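What's in run-v6.cif: mmCIF, C-alpha atoms
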```cif
data_run
loop_
_atom_site.label_atom_id
_atom_site.label_comp_id
_atom_site.auth_asym_id
_atom_site.auth_seq_id
_atom_site.Cartn_x
_atom_site.Cartn_y
_atom_site.Cartn_z
CA MET A 1 -113.36 251.13 79.03
CA LYS A 2 -111.74 250.13 75.71
CA ASP A 3 -112.49 253.57 74.27
CA SER A 4 -110.99 255.52 77.16
CA PHE A 5 -107.86 257.59 76.59
CA LEU A 6 -105.64 255.61 78.95
CA PHE A 7 -106.68 252.02 78.21
CA PRO A 8 -105.02 251.67 74.78
CA ILE A 9 -101.74 253.03 76.19
CA VAL A 10 -101.79 250.69 79.19
CA PHE A 11 -102.84 247.76 76.99
CA MET A 12 -100.03 248.39 74.49
CA LEU A 13 -97.53 248.77 77.32
CA ILE A 14 -98.57 245.44 78.86
CA MET A 15 -98.34 243.70 75.48
CA VAL A 16 -94.86 245.11 74.85
CA ILE A 17 -93.67 244.00 78.30
CA ILE A 18 -95.06 240.48 77.82
CA PHE A 19 -93.61 239.93 74.36
CA ALA A 20 -90.29 241.66 75.07
CA GLY A 21 -90.02 239.43 78.17
CA ILE A 22 -90.72 236.26 76.18
CA LEU A 23 -88.17 237.22 73.52
CA SER A 24 -85.53 238.16 76.10
CA VAL A 25 -85.90 234.82 77.90
CA MET A 26 -85.79 232.90 74.63
CA TYR A 27 -82.76 234.80 73.37
CA ARG A 28 -80.89 234.36 76.66
CA MET A 29 -81.58 230.62 76.56
CA SER A 30 -80.39 230.31 72.95
CA GLU A 31 -77.43 232.71 73.18
CA PRO A 32 -74.78 230.25 74.47
CA LYS A 33 -75.74 227.77 71.73
CA ILE A 34 -75.58 230.44 69.01
CA GLU A 35 -72.25 231.81 70.26
CA ALA A 36 -70.70 228.37 70.66
CA TYR A 37 -71.71 227.48 67.13
CA GLN A 38 -70.32 230.77 65.78
CA VAL A 39 -66.95 230.30 67.53
CA GLU A 40 -66.66 226.69 66.40
CA THR A 41 -67.60 227.55 62.81
CA TYR A 42 -65.12 230.43 62.73
CA GLN A 43 -62.25 228.38 64.13
CA LYS A 44 -63.00 225.47 61.79
CA ARG A 45 -62.98 227.85 58.86
CA ILE A 46 -59.61 229.31 59.85
CA LEU A 47 -58.25 225.81 60.27
CA SER A 48 -59.63 224.65 56.94
CA THR A 49 -57.93 227.52 55.08
CA VAL A 50 -54.51 226.47 56.36
CA ALA A 51 -55.14 222.71 56.77
CA LYS A 52 -53.43 221.80 53.50
CA LYS A 53 -50.17 223.50 54.51
CA ILE A 54 -50.28 222.00 58.03
CA ALA A 55 -50.91 218.55 56.58
CA GLU A 56 -48.03 218.92 54.10
CA ALA A 57 -45.62 220.00 56.85
CA GLU A 58 -46.77 217.26 59.21
CA GLY A 59 -46.98 214.51 56.62
CA SER A 60 -50.65 213.91 57.38
CA SER A 61 -53.83 214.60 55.41
CA VAL A 62 -56.30 217.51 55.39
CA ASP A 63 -58.99 215.16 56.72
CA ASP A 64 -56.76 214.24 59.68
CA VAL A 65 -56.17 217.90 60.49
CA MET A 66 -59.86 218.74 60.31
CA SER A 67 -61.11 215.66 62.15
CA GLN A 68 -58.86 216.39 65.11
CA TYR A 69 -60.36 219.85 65.71
CA PRO A 70 -60.19 221.50 68.30
CA ASP A 71 -56.80 219.96 69.20
CA THR A 72 -55.24 220.84 65.84
CA PHE A 73 -56.53 224.40 66.08
CA THR A 74 -55.00 224.91 69.53
CA LYS A 75 -51.75 223.29 68.45
CA HIS A 76 -51.22 224.95 65.07
CA VAL A 77 -53.08 228.26 64.93
CA ARG A 78 -51.81 231.41 66.68
CA GLN A 79 -53.56 234.74 66.60
CA ILE A 80 -51.33 237.62 65.51
CA ASP A 81 -51.61 240.50 67.90
CA ASN A 82 -50.35 243.59 66.12
CA PRO A 83 -52.23 246.81 66.96
CA GLN A 84 -50.93 248.50 63.78
CA PHE A 85 -52.40 245.83 61.53
CA GLU A 86 -56.10 246.57 61.14
CA ARG A 87 -57.29 243.06 60.36
CA SER A 88 -57.67 239.86 62.37
CA ALA A 89 -54.74 237.70 61.42
CA PHE A 90 -53.60 234.18 62.26
CA ARG A 91 -50.38 232.26 61.77
CA ALA A 92 -50.36 228.51 61.07
CA VAL A 93 -47.34 226.95 62.74
CA VAL A 94 -45.86 223.48 62.62
CA GLY A 95 -43.09 223.08 65.14
CA ASP A 96 -41.29 226.41 65.16
CA SER A 97 -41.92 227.41 61.58
CA THR A 98 -44.78 229.35 60.07
CA VAL A 99 -46.34 227.52 57.14
CA ALA A 100 -49.17 229.90 56.20
CA TYR A 101 -51.11 232.99 57.23
CA CYS A 102 -54.83 233.52 57.48
CA PHE A 103 -56.53 236.93 57.39
CA GLU A 104 -60.05 238.09 57.99
CA ILE A 105 -60.96 240.47 55.22
CA GLY A 106 -64.05 242.52 54.47
CA GLY A 107 -65.72 244.45 51.69
CA LYS A 108 -68.97 245.81 50.37
CA GLY A 109 -71.45 243.55 48.60
CA LEU A 110 -74.73 244.40 46.91
CA TRP A 111 -76.87 244.52 50.06
CA GLY A 112 -74.33 244.89 52.84
CA THR A 113 -70.87 244.05 53.98
CA MET A 114 -69.10 240.76 53.34
CA GLN A 115 -66.54 239.07 55.57
CA ALA A 116 -64.19 236.41 54.34
CA LEU A 117 -61.06 234.49 55.29
CA ILE A 118 -58.08 234.14 53.02
CA SER A 119 -54.96 232.17 53.66
CA THR A 120 -51.71 233.07 51.96
CA ASP A 121 -48.28 231.55 51.61
CA THR A 122 -45.48 232.95 53.77
CA GLU A 123 -44.58 235.42 51.01
CA PHE A 124 -48.14 236.79 51.01
CA ARG A 125 -48.36 236.48 47.24
CA THR A 126 -50.46 233.39 46.61
CA ILE A 127 -53.95 232.79 47.95
CA LEU A 128 -54.00 229.28 49.36
CA ASP A 129 -57.67 229.23 50.26
CA PHE A 130 -60.62 231.58 50.33
CA THR A 131 -63.91 231.23 52.19
CA ILE A 132 -66.83 233.54 52.87
CA VAL A 133 -67.64 233.97 56.58
CA ASN A 134 -70.57 236.32 56.38
CA GLN A 135 -72.55 237.93 53.59
CA MET A 136 -75.94 239.51 53.10
CA GLU A 137 -76.40 238.82 49.41
CA THR A 138 -79.59 237.55 47.77
CA PRO A 139 -80.22 233.89 48.67
CA GLY A 140 -80.01 231.74 45.55
CA LEU A 141 -78.28 234.49 43.57
CA GLY A 142 -75.46 236.54 45.12
CA ALA A 143 -75.30 234.19 48.10
CA ARG A 144 -74.02 231.52 45.70
CA ILE A 145 -70.56 233.08 46.07
CA GLU A 146 -70.28 230.60 48.94
CA GLU A 147 -70.53 227.66 46.56
CA ASP A 148 -67.39 225.62 46.21
CA TRP A 149 -66.93 225.99 42.44
CA PHE A 150 -66.81 229.79 42.85
CA LEU A 151 -64.43 229.79 45.82
CA ALA A 152 -62.21 227.11 44.27
CA GLN A 153 -61.30 229.55 41.50
CA PHE A 154 -59.26 231.52 43.99
CA ARG A 155 -57.40 228.58 45.56
CA ASP A 156 -53.66 228.33 44.92
CA ARG A 157 -53.84 231.44 42.79
CA LEU A 158 -50.96 233.87 42.48
CA PHE A 159 -52.57 237.20 43.27
CA VAL A 160 -49.61 239.52 43.76
CA VAL A 161 -48.04 239.86 40.31
CA ASN A 162 -46.55 243.37 40.64
CA PRO A 163 -44.70 243.10 43.96
CA GLU A 164 -42.68 246.26 43.31
CA SER A 165 -45.66 248.45 42.46
CA ASN A 166 -46.51 251.26 44.84
CA GLU A 167 -50.16 251.32 43.80
CA ASP A 168 -51.77 248.03 42.83
CA VAL A 169 -49.78 244.86 43.33
CA THR A 170 -52.56 242.50 42.30
CA MET A 171 -53.44 240.86 39.02
CA LYS A 172 -56.33 242.24 36.90
CA TYR A 173 -59.11 239.71 36.48
CA GLU A 174 -62.10 239.62 34.18
CA PHE A 175 -65.31 237.70 34.70
CA ILE A 176 -66.82 235.37 32.15
CA ALA A 177 -70.22 233.63 32.23
CA GLU A 178 -70.73 230.82 34.75
CA THR A 179 -71.24 228.30 31.97
CA GLN A 180 -68.05 229.20 30.09
CA SER A 181 -64.60 227.74 30.65
CA PRO A 182 -61.73 230.13 31.41
CA GLU A 183 -59.28 230.42 28.54
CA ASN A 184 -56.46 232.01 30.53
CA GLU A 185 -55.33 232.74 34.10
CA ALA A 186 -57.00 236.14 34.16
CA GLN A 187 -60.51 234.81 33.63
CA LEU A 188 -62.88 233.84 36.42
CA ARG A 189 -66.46 232.55 36.23
CA ARG A 190 -69.06 234.84 37.72
CA VAL A 191 -72.27 233.75 39.48
CA THR A 192 -75.22 233.94 37.09
CA GLY A 193 -77.57 236.77 38.00
CA ALA A 194 -75.12 238.23 40.51
CA THR A 195 -72.74 240.42 38.53
CA ILE A 196 -72.42 243.11 41.21
CA THR A 197 -71.77 240.55 43.96
CA SER A 198 -69.16 238.72 41.85
CA ASP A 199 -67.43 242.04 41.05
CA SER A 200 -67.57 242.96 44.76
CA VAL A 201 -65.73 239.76 45.69
CA ILE A 202 -62.89 240.58 43.32
CA LYS A 203 -62.76 244.18 44.52
CA MET A 204 -62.65 243.02 48.15
CA LEU A 205 -59.83 240.58 47.41
CA ARG A 206 -57.76 243.11 45.47
CA ASP A 207 -58.22 245.91 48.05
CA GLU A 208 -57.43 243.66 50.97
CA ILE A 209 -54.45 241.94 49.40
CA ASN A 210 -53.03 245.34 48.49
CA TYR A 211 -53.43 246.38 52.12
CA ILE A 212 -51.87 243.19 53.51
CA TYR A 213 -49.01 243.07 51.04
CA ASN A 214 -48.16 246.76 51.42
CA PHE A 215 -48.28 246.39 55.21
CA VAL A 216 -45.94 243.42 55.40
CA ARG A 217 -43.60 245.10 52.92
CA LYS A 218 -43.02 247.94 55.35
CA ASN A 219 -43.66 246.27 58.73
CA SER A 220 -43.57 242.85 60.27
CA LEU A 221 -46.68 241.08 61.46
CA MET B 1 -118.15 227.33 58.58
CA ASN B 2 -116.82 224.13 60.07
CA LYS B 3 -113.11 223.55 60.66
CA LYS B 4 -112.56 221.70 57.38
CA GLU B 5 -114.27 224.46 55.40
CA ILE B 6 -112.14 227.12 57.13
CA PHE B 7 -108.99 225.23 56.20
CA VAL B 8 -109.96 224.55 52.58
CA ASN B 9 -111.17 228.11 52.16
CA ALA B 10 -107.93 229.63 53.48
CA ALA B 11 -105.65 227.24 51.63
CA PHE B 12 -107.34 226.95 48.25
CA LYS B 13 -110.63 228.78 47.58
CA GLU B 14 -109.35 232.10 48.93
CA ASN B 15 -105.65 231.37 48.50
CA SER B 16 -103.64 234.42 49.54
CA ILE B 17 -101.45 234.46 46.45
CA TRP B 18 -103.54 233.39 43.50
CA ARG B 19 -106.86 234.80 44.78
CA GLN B 20 -105.92 237.79 46.93
CA ILE B 21 -102.49 238.60 45.37
CA LEU B 22 -100.95 239.00 48.84
CA GLY B 23 -97.43 238.06 49.90
CA ILE B 24 -96.08 238.02 46.36
CA CYS B 25 -92.88 239.92 47.22
CA SER B 26 -91.46 236.95 49.08
CA ALA B 27 -93.02 234.56 46.56
CA LEU B 28 -90.91 236.26 43.91
CA ALA B 29 -87.78 236.50 46.04
CA VAL B 30 -87.20 233.05 47.50
CA THR B 31 -88.53 230.80 44.77
CA ASN B 32 -85.31 230.11 42.90
CA LEU B 33 -84.58 227.17 45.21
CA MET B 34 -87.14 224.67 46.53
CA LEU B 35 -85.42 224.30 49.91
CA ASN B 36 -85.58 228.06 50.51
CA SER B 37 -89.25 228.03 49.54
CA LEU B 38 -90.04 225.13 51.85
CA ILE B 39 -88.31 226.69 54.85
CA MET B 40 -89.89 230.07 54.13
CA GLY B 41 -93.29 228.36 53.83
CA LEU B 42 -92.84 226.50 57.12
CA GLY B 43 -91.80 229.74 58.82
CA VAL B 44 -94.90 231.52 57.50
CA ILE B 45 -97.19 228.63 58.54
CA PHE B 46 -95.73 228.70 62.07
CA VAL B 47 -95.98 232.48 62.43
CA LEU B 48 -99.44 232.69 60.82
CA ALA B 49 -100.91 229.95 62.99
CA LEU B 50 -99.57 231.28 66.29
CA ALA B 51 -100.08 234.96 65.47
CA ASN B 52 -103.70 234.28 64.45
CA PHE B 53 -104.22 232.23 67.62
CA THR B 54 -102.79 234.95 69.89
CA ILE B 55 -104.56 237.83 68.14
CA SER B 56 -107.83 235.94 68.40
CA ILE B 57 -107.40 235.25 72.14
CA ILE B 58 -106.95 238.93 72.96
CA ARG B 59 -109.38 240.27 70.33
CA ASN B 60 -112.10 241.18 72.86
CA TRP B 61 -109.70 243.32 74.93
CA THR B 62 -107.75 244.90 72.08
CA PRO B 63 -108.69 248.57 71.61
CA ARG B 64 -109.50 249.37 67.97
CA SER B 65 -107.15 252.33 67.89
CA VAL B 66 -104.06 250.23 68.63
CA ARG B 67 -105.08 246.89 67.11
CA MET B 68 -102.68 247.07 64.15
CA MET B 69 -99.76 247.95 66.41
CA VAL B 70 -100.63 244.98 68.62
CA GLN B 71 -100.90 242.68 65.60
CA THR B 72 -97.53 243.85 64.28
CA LEU B 73 -95.96 243.35 67.71
CA ILE B 74 -97.30 239.80 67.94
CA ILE B 75 -96.29 238.89 64.37
CA ALA B 76 -92.80 240.40 64.82
CA SER B 77 -92.33 238.51 68.09
CA TYR B 78 -93.14 235.15 66.51
CA VAL B 79 -90.87 235.93 63.55
CA ILE B 80 -87.99 236.70 65.94
CA ILE B 81 -88.71 233.42 67.76
CA VAL B 82 -88.42 231.54 64.42
CA ASP B 83 -85.22 233.44 63.60
CA VAL B 84 -83.58 232.72 66.98
CA PHE B 85 -84.73 229.08 66.86
CA LEU B 86 -83.19 228.59 63.40
CA LYS B 87 -79.94 230.31 64.42
CA ALA B 88 -79.61 228.11 67.52
CA ASN B 89 -80.78 224.78 66.11
CA MET B 90 -80.55 224.92 62.30
CA PRO B 91 -77.72 227.41 61.70
CA GLU B 92 -77.00 226.27 58.14
CA ILE B 93 -80.59 226.80 57.03
CA SER B 94 -80.71 230.09 58.94
CA LYS B 95 -77.66 231.25 57.04
CA GLN B 96 -79.07 230.13 53.72
CA LEU B 97 -82.29 232.04 54.25
CA GLY B 98 -80.38 235.16 55.20
CA PRO B 99 -82.62 238.20 55.55
CA TYR B 100 -85.80 236.46 54.39
CA VAL B 101 -86.81 235.13 57.80
CA GLY B 102 -86.93 238.68 59.15
CA LEU B 103 -88.94 239.69 56.10
CA ILE B 104 -91.79 237.35 57.14
CA ILE B 105 -92.86 240.34 59.29
CA THR B 106 -93.58 242.33 56.16
CA ASN B 107 -95.57 239.53 54.51
CA CYS B 108 -99.00 241.01 53.77
CA ILE B 109 -100.70 237.65 54.31
CA LEU B 110 -100.01 237.85 58.06
CA MET B 111 -101.67 241.23 58.54
CA GLY B 112 -104.36 240.27 56.04
CA ARG B 113 -105.42 237.15 57.94
CA ALA B 114 -105.09 238.90 61.29
CA GLU B 115 -107.47 241.66 60.19
CA ALA B 116 -109.84 239.58 58.08
CA PHE B 117 -110.15 236.48 60.25
CA ALA B 118 -108.34 236.32 63.58
CA SER B 119 -109.72 239.58 64.94
CA GLN B 120 -113.29 238.33 64.35
CA ASN B 121 -113.19 234.59 65.09
CA GLY B 122 -112.29 232.15 67.86
CA PRO B 123 -108.71 231.05 68.61
CA LEU B 124 -108.94 227.50 67.23
CA ASP B 125 -110.66 228.58 64.02
CA SER B 126 -108.09 231.36 63.61
CA MET B 127 -105.24 228.92 64.07
CA ILE B 128 -106.71 226.59 61.44
CA ASP B 129 -107.17 229.56 59.12
CA GLY B 130 -103.52 230.49 59.69
CA ILE B 131 -102.30 226.97 58.92
CA GLY B 132 -104.50 226.84 55.81
CA ALA B 133 -103.37 230.22 54.51
CA GLY B 134 -99.74 229.35 55.22
CA LEU B 135 -100.08 226.01 53.47
CA GLY B 136 -101.69 227.63 50.44
CA TYR B 137 -98.80 230.09 50.31
CA THR B 138 -96.24 227.28 50.63
CA ILE B 139 -97.84 225.26 47.82
CA VAL B 140 -97.59 228.22 45.43
CA LEU B 141 -93.97 228.87 46.46
CA LEU B 142 -93.05 225.23 45.91
CA ALA B 143 -94.85 225.09 42.55
CA ILE B 144 -92.96 228.14 41.25
CA SER B 145 -89.64 227.12 42.74
CA PHE B 146 -89.99 223.61 41.27
CA ILE B 147 -90.02 225.08 37.75
CA ARG B 148 -87.34 227.70 38.49
CA GLU B 149 -84.91 225.31 40.17
CA LEU B 150 -85.47 222.54 37.62
CA PHE B 151 -84.87 224.71 34.57
CA GLY B 152 -82.44 227.13 36.24
CA PHE B 153 -80.13 224.61 37.93
CA GLY B 154 -81.33 221.22 36.66
CA THR B 155 -81.94 220.20 40.28
CA ILE B 156 -84.85 219.55 42.68
CA PHE B 157 -84.15 220.26 46.35
CA GLY B 158 -80.47 220.46 45.36
CA LEU B 159 -80.41 216.98 43.82
CA GLN B 160 -79.26 216.81 40.20
CA VAL B 161 -82.20 215.65 38.09
CA LEU B 162 -81.30 216.77 34.59
CA GLY B 163 -78.08 215.38 33.18
CA SER B 164 -75.02 217.10 31.76
CA TRP B 165 -76.85 217.46 28.41
CA TRP B 166 -79.08 220.08 30.01
CA THR B 167 -78.19 223.76 29.56
CA ASN B 168 -79.36 225.79 32.54
CA TRP B 169 -81.74 228.62 31.74
CA SER B 170 -80.14 231.61 33.43
CA ILE B 171 -83.38 233.60 33.24
CA MET B 172 -85.02 231.08 35.59
CA VAL B 173 -82.53 231.90 38.33
CA MET B 174 -83.11 235.61 37.96
CA ALA B 175 -85.99 237.66 39.38
CA PRO B 176 -87.93 238.29 36.12
CA SER B 177 -88.76 234.59 35.73
CA ALA B 178 -90.63 234.67 39.03
CA PHE B 179 -92.85 237.43 37.64
CA PHE B 180 -93.63 235.48 34.48
CA LEU B 181 -94.26 232.21 36.28
CA LEU B 182 -96.42 233.74 38.99
CA ALA B 183 -98.51 235.55 36.37
CA ILE B 184 -98.90 232.34 34.33
CA PHE B 185 -99.78 230.43 37.50
CA ILE B 186 -102.47 232.93 38.51
CA TRP B 187 -103.82 233.01 34.96
CA ILE B 188 -104.13 229.21 34.79
CA ILE B 189 -105.86 228.98 38.18
CA ASN B 190 -108.25 231.81 37.40
CA THR B 191 -109.11 230.45 33.96
CA HIS B 192 -109.53 226.82 34.90
CA TYR B 193 -111.01 227.14 38.34
CA TYR B 194 -112.73 230.41 39.15
CA LYS B 195 -114.02 231.28 35.68
CA ALA B 196 -115.08 227.69 35.03
CA LYS B 197 -116.90 227.70 38.35
CA ALA B 198 -118.60 230.99 37.54
#
```
This entry written out as structure tokens:
Amino acid sequence: MKDSFLFPIVFMLIMVIIFAGILSVMYRMSEPKIEAYQVETYQKRILSTVAKKIAEAEGSSVDDVMSQYPDTFTKHVRQIDNPQFERSAFRAVVGDSTVAYCFEIGGKGLWGTMQALISTDTEFRTILDFTIVNQMETPGLGARIEEDWFLAQFRDRLFVVNPESNEDVTMKYEFIAETQSPENEAQLRRVTGATITSDSVIKMLRDEINYIYNFVRKNSL
Amino acid sequence: MNKKEIFVNAAFKENSIWRQILGICSALAVTNLMLNSLIMGLGVIFVLALANFTISIIRNWTPRSVRMMVQTLIIASYVIIVDVFLKANMPEISKQLGPYVGLIITNCILMGRAEAFASQNGPLDSMIDGIGAGLGYTIVLLAISFIRELFGFGTIFGLQVLGSWWTNWSIMVMAPSAFFLLAIFIWIINTHYYKAKA
């Protein structure tokens, strides 16, 4: 029977149905947990990028803002709904005034696309905070762009230095080795063994800030 | 062979990496951090044990012409189960491992043990063989990652071990060091164990 023409086909079909069924059930059971975690992580990340500004305006601390999630998120973060603007954008508000903006940006890494969040001041010139949301870089190498020392290099950094330029409004940066100390404002430390990924981060930031700044120069969010 | 012999054979005497040179792609890729190696090893042990068990249960009904497709289907299913489980319950580790969990499917050890052992032996023996082979793989991963993480970052499992006087060896973080260390590891084992035994 095992050597008949039909048996292998029927057998394979049964196996596929059984295993596809098991996987479907397992995925359905885990899906709400995975989605809830993703939403919470995303919202916390948005909040963390603007927490410093909210805390300053409220006279509280960053820890207070973060520990009171999700209340602080609901109270202070508003999604910007502008069909012309091709990025997800959020406004951090305290009372009636906007204290910061947060944008979801994206770019190409070594192995795939990267997604990140940046928060800017209300003039869109200084990066207040920068965090990676999603990346497909090599674990232990390129994936180290998520480490705090690397991200911290971009915090409170004036990025738009040529606000009148019609081409590139951003500052030119150069990477130095991870073990070196920057000697001037234009130097950033790259991740050892991940030159392409480090360069990709800078390219993503420059491209996206150019897009955001040029958009807000001509339109309102 | 009794159960203990099956285990020792799979884990040490016929170790997949240093004896059969199987599964070295992932051994080279994930060994720059011990935590990545441990999680990868645990994932492989889980998938190997259950895949071997399942393949062995259905071995008498599996037609020869489709056996490799069936084995791949079973292995892939268990890998997806590990992936979904990590995403739902250990999201930080899942994120850290990135694409490597999915790459367990392509680990040659899984197909190797399925063909060489599980398709010819009983379910319990196959499961023990899977655990042994997975453990042997994990030990090698941890041994290599211990040296790479210690010299490359000055840490063990992320904990700082070497002080500020230590200069990290960048080469240890990069892929070539895994080649050198794996080759040295295999050379030492072969020289001091197999050749001495012969």
Write down, as a list in words, each residue of chain B that has any atom within 8 Å of an atom of chain A, counting only C-alpha atoms.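 Filtering chain B at 8 Å from chain A with only C-alpha atoms gives Val30, Asn32, Leu33, Trp61, Thr62, Pro63, Ser65, Val66, Val70, Leu73, Ile74, Ser77, Ile80, Ile81, Val84, Phe85, Lys87, Ala88, Gln96, Leu97, Gly98, Pro99, Ser170, Val173 and Met174 of chain B.
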When you count all atoms listed in the file, which of these residues is closest to B:Ala76: B:Ala178, B:Leu28, B:Leu142, B:Leu48? B:Leu48
Given the file above and the PyMOL selection byres ((chain B and resi 147) around 10), which residues are selected, and can you give them as a PDB file with C-alpha atoms, keeping the file's coordinate frame?
```pdb
ATOM      1  CA  THR B  31     -88.530 230.800  44.770  1.00  0.00           C
ATOM      2  CA  ASN B  32     -85.310 230.110  42.900  1.00  0.00           C
ATOM      3  CA  LEU B  33     -84.580 227.170  45.210  1.00  0.00           C
ATOM      4  CA  MET B  34     -87.140 224.670  46.530  1.00  0.00           C
ATOM      5  CA  LEU B 142     -93.050 225.230  45.910  1.00  0.00           C
ATOM      6  CA  ALA B 143     -94.850 225.090  42.550  1.00  0.00           C
ATOM      7  CA  ILE B 144     -92.960 228.140  41.250  1.00  0.00           C
ATOM      8  CA  SER B 145     -89.640 227.120  42.740  1.00  0.00           C
ATOM      9  CA  PHE B 146     -89.990 223.610  41.270  1.00  0.00           C
ATOM     10  CA  ARG B 148     -87.340 227.700  38.490  1.00  0.00           C
ATOM     11  CA  GLU B 149     -84.910 225.310  40.170  1.00  0.00           C
ATOM     12  CA  LEU B 150     -85.470 222.540  37.620  1.00  0.00           C
ATOM     13  CA  PHE B 151     -84.870 224.710  34.570  1.00  0.00           C
ATOM     14  CA  GLY B 152     -82.440 227.130  36.240  1.00  0.00           C
ATOM     15  CA  PHE B 153     -80.130 224.610  37.930  1.00  0.00           C
ATOM     16  CA  GLY B 154     -81.330 221.220  36.660  1.00  0.00           C
ATOM     17  CA  THR B 155     -81.940 220.200  40.280  1.00  0.00           C
ATOM     18  CA  ILE B 156     -84.850 219.550  42.680  1.00  0.00           C
ATOM     19  CA  MET B 172     -85.020 231.080  35.590  1.00  0.00           C
ATOM     20  CA  SER B 177     -88.760 234.590  35.730  1.00  0.00           C
ATOM     21  CA  ALA B 178     -90.630 234.670  39.030  1.00  0.00           C
ATOM     22  CA  LEU B 181     -94.260 232.210  36.280  1.00  0.00           C
TER      23      LEU B 181
END
```
Near B:Ile6, within 6 Å and counting only C-alpha atoms, which residues show up once chain neighbours fewer than 3 positions away are dropped, as an NGL selection string? :B and (3 or 9 or 129)
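Between atom CA of B:Ala51 and atom CA of B:Phe117 there is a distance of 11.4 Å.
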Name the residues in contact with stretch 171-174 of chain A at a cut-off of 6 Å, using only C-alpha atoms, excluding same-chain residues fewer than 3 positions from it; report them as a tab-separated table (two decimals) with C-alpha atoms, in the frame of the given file.
```tsv
chain	number	residue	atom	x	y	z
A	159	PHE	CA	-52.57	237.20	43.27
A	161	VAL	CA	-48.04	239.86	40.31
A	186	ALA	CA	-57.00	236.14	34.16
A	187	GLN	CA	-60.51	234.81	33.63
```
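Atom CA of B:Leu35 sits 21.5 Å away from atom CA of B:Leu110.
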